[in-house]
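Shown next, in structure tokens, is the structure this report addresses.
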Amino acid sequence: MSASYDDLMASLGLEPSAPKRPPAAHGDRRRYQRGCRCDECREANRLYKASWRAKRRSDPSLLGRATHGKASTYRQYGCRCDECRTANSADVAAWRARRRERAGGGS
Ligand SMILES: [Zn+2]
Ligand SMILES: [Zn+2]
């Protein structure tokens, strides 16, 4: 079906449709990134993220480059030092305040 569509496009003097890459199989994180939310794809994505986080946490050199006292360090690197915890709670408080503002001043 797609081949005849390409033929039709070519006969009209148009570019055939862009070469299609075979879609990633279910259970492949790329499939999840393309929007599939089936159990297999979600699990693949979860595992990928978990291993990514574990890698960051287990590699002190990666954390060494992170700046402490930042909410992103708290969240992405899993740092729980005082500085990062303070930054994260300030960040959460600011986010809540913004959300309240938006909800309250709608009309
Ligand atoms: Zn899937
Ligand atoms: Zn820290």
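A note on labels: chains of the structure tokens are A, B, ... as shown, every chain counts residues from 1, and ligands are counted from 1 in their shown order.
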
Using only C-alpha atoms and all ligand atoms, find each residue with an atom at most 12 Å away from ligand 2 and format the answer as a PDB file with C-alpha atoms, in the first residue's frame.
```pdb
ATOM      1  CA  ARG A  57      24.271   8.151  41.520  1.00  0.00           C
ATOM      2  CA  PRO A  60      30.680  10.412  42.054  1.00  0.00           C
ATOM      3  CA  LEU A  63      27.925  14.439  40.809  1.00  0.00           C
ATOM      4  CA  GLY A  64      31.206  16.269  41.306  1.00  0.00           C
ATOM      5  CA  ARG A  65      30.415  18.387  38.293  1.00  0.00           C
ATOM      6  CA  ALA A  66      26.972  19.242  39.571  1.00  0.00           C
ATOM      7  CA  THR A  67      26.530  22.397  41.539  1.00  0.00           C
ATOM      8  CA  HIS A  68      25.182  21.930  45.020  1.00  0.00           C
ATOM      9  CA  GLY A  69      22.428  24.154  46.253  1.00  0.00           C
ATOM     10  CA  LYS A  70      20.365  23.594  43.104  1.00  0.00           C
ATOM     11  CA  ALA A  71      17.024  21.902  42.816  1.00  0.00           C
ATOM     12  CA  SER A  72      18.190  20.204  39.636  1.00  0.00           C
ATOM     13  CA  THR A  73      21.039  18.581  41.528  1.00  0.00           C
ATOM     14  CA  TYR A  74      18.550  17.323  44.076  1.00  0.00           C
ATOM     15  CA  ARG A  75      16.226  15.928  41.464  1.00  0.00           C
ATOM     16  CA  GLN A  76      18.529  14.749  38.713  1.00  0.00           C
ATOM     17  CA  TYR A  77      21.507  13.614  40.720  1.00  0.00           C
ATOM     18  CA  GLY A  78      19.605  12.488  43.760  1.00  0.00           C
ATOM     19  CA  CYS A  79      21.815  14.574  46.016  1.00  0.00           C
ATOM     20  CA  ARG A  80      20.324  14.988  49.468  1.00  0.00           C
ATOM     21  CA  CYS A  81      22.832  17.347  51.007  1.00  0.00           C
ATOM     22  CA  ASP A  82      21.451  20.267  53.004  1.00  0.00           C
ATOM     23  CA  GLU A  83      22.101  22.783  50.264  1.00  0.00           C
ATOM     24  CA  CYS A  84      20.329  20.797  47.604  1.00  0.00           C
ATOM     25  CA  ARG A  85      17.422  19.939  49.861  1.00  0.00           C
ATOM     26  CA  THR A  86      16.924  23.590  50.738  1.00  0.00           C
ATOM     27  CA  ALA A  87      17.081  24.558  47.072  1.00  0.00           C
ATOM     28  CA  ASN A  88      14.580  21.892  46.148  1.00  0.00           C
TER      29      ASN A  88
END
```

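Residues lying within 7 Å of segment 27-30 of chain A, counting only C-alpha atoms and ignoring same-chain neighbours fewer than 5 positions away, are Glu40, Cys41, Ala44 and Asn45 of chain A.
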
Coordinates-based distance that separates atom CA of Lys49 of chain A from atom 1 (Zn, counted along the ligand's line) of ligand 1 (Å, one decimal): 16.5 Å

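Neighbouring residues of ligand 1 at a cut-off of 7 Å, counting only C-alpha atoms and all ligand atoms, are His26, Gly27, Arg31, Tyr32, Cys36, Arg37, Cys38, Asp39, Glu40 and Cys41 of chain A.
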
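A straight line drawn from atom CA of Ala90 of chain A to atom CA of Arg102 of chain A is 18.4 Å long.
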
Per-residue DSSP, chain A, filtered to helix (DSSP H, G or I), as a PyMOL selection string: chain A and resi 2-11+29-33+39-58+60-65+71-76+82-104

Include C-alpha atoms and write out the residues we just selected as a compact mmCIF listing (two decimals), in the first residue's frame.
```txt
# COMPACT_ATOMS: atom_id res chain seq x y z
CA SER A 2 2.75 2.43 0.86
CA ALA A 3 4.70 1.41 -2.25
CA SER A 4 1.79 2.30 -4.54
CA TYR A 5 1.45 5.58 -2.72
CA ASP A 6 5.10 6.30 -3.46
CA ASP A 7 4.54 5.32 -7.09
CA LEU A 8 1.61 7.68 -7.28
CA MET A 9 3.64 10.51 -5.82
CA ALA A 10 6.47 9.80 -8.27
CA SER A 11 4.06 9.69 -11.22
CA ARG A 29 12.32 2.81 24.67
CA ARG A 30 12.32 4.55 21.29
CA ARG A 31 8.82 3.29 20.76
CA TYR A 32 7.84 4.87 24.05
CA GLN A 33 9.41 8.13 22.92
CA ASP A 39 3.00 -1.86 29.27
CA GLU A 40 6.08 -3.12 27.47
CA CYS A 41 7.14 0.30 26.28
CA ARG A 42 6.50 1.91 29.62
CA GLU A 43 8.53 -0.74 31.33
CA ALA A 44 11.39 -0.23 28.86
CA ASN A 45 11.33 3.48 29.55
CA ARG A 46 11.17 2.95 33.29
CA LEU A 47 14.15 0.60 33.21
CA TYR A 48 16.12 2.99 31.09
CA LYS A 49 15.48 5.87 33.42
CA ALA A 50 16.22 3.79 36.49
CA SER A 51 19.55 2.62 35.12
CA TRP A 52 20.39 6.13 34.02
CA ARG A 53 19.71 7.47 37.48
CA ALA A 54 21.59 4.63 39.11
CA LYS A 55 24.56 5.35 36.90
CA ARG A 56 24.55 8.99 37.87
CA ARG A 57 24.27 8.15 41.52
CA SER A 58 26.96 5.52 41.47
CA PRO A 60 30.68 10.41 42.05
CA SER A 61 32.59 12.15 39.29
CA LEU A 62 29.30 13.00 37.61
CA LEU A 63 27.92 14.44 40.81
CA GLY A 64 31.21 16.27 41.31
CA ARG A 65 30.41 18.39 38.29
CA ALA A 71 17.02 21.90 42.82
CA SER A 72 18.19 20.20 39.64
CA THR A 73 21.04 18.58 41.53
CA TYR A 74 18.55 17.32 44.08
CA ARG A 75 16.23 15.93 41.46
CA GLN A 76 18.53 14.75 38.71
CA ASP A 82 21.45 20.27 53.00
CA GLU A 83 22.10 22.78 50.26
CA CYS A 84 20.33 20.80 47.60
CA ARG A 85 17.42 19.94 49.86
CA THR A 86 16.92 23.59 50.74
CA ALA A 87 17.08 24.56 47.07
CA ASN A 88 14.58 21.89 46.15
CA SER A 89 12.05 22.87 48.79
CA ALA A 90 12.39 26.52 47.77
CA ASP A 91 11.83 25.45 44.18
CA VAL A 92 8.75 23.44 45.09
CA ALA A 93 7.38 26.33 47.14
CA ALA A 94 7.91 28.74 44.25
CA TRP A 95 6.25 26.33 41.87
CA ARG A 96 3.24 25.99 44.17
CA ALA A 97 2.98 29.77 44.51
CA ARG A 98 3.06 30.17 40.74
CA ARG A 99 0.38 27.57 40.36
CA ARG A 100 -1.80 29.23 42.97
CA GLU A 101 -1.40 32.56 41.23
CA ARG A 102 -2.43 31.09 37.93
CA ALA A 103 -5.40 29.29 39.40
CA GLY A 104 -6.57 32.33 41.36
```
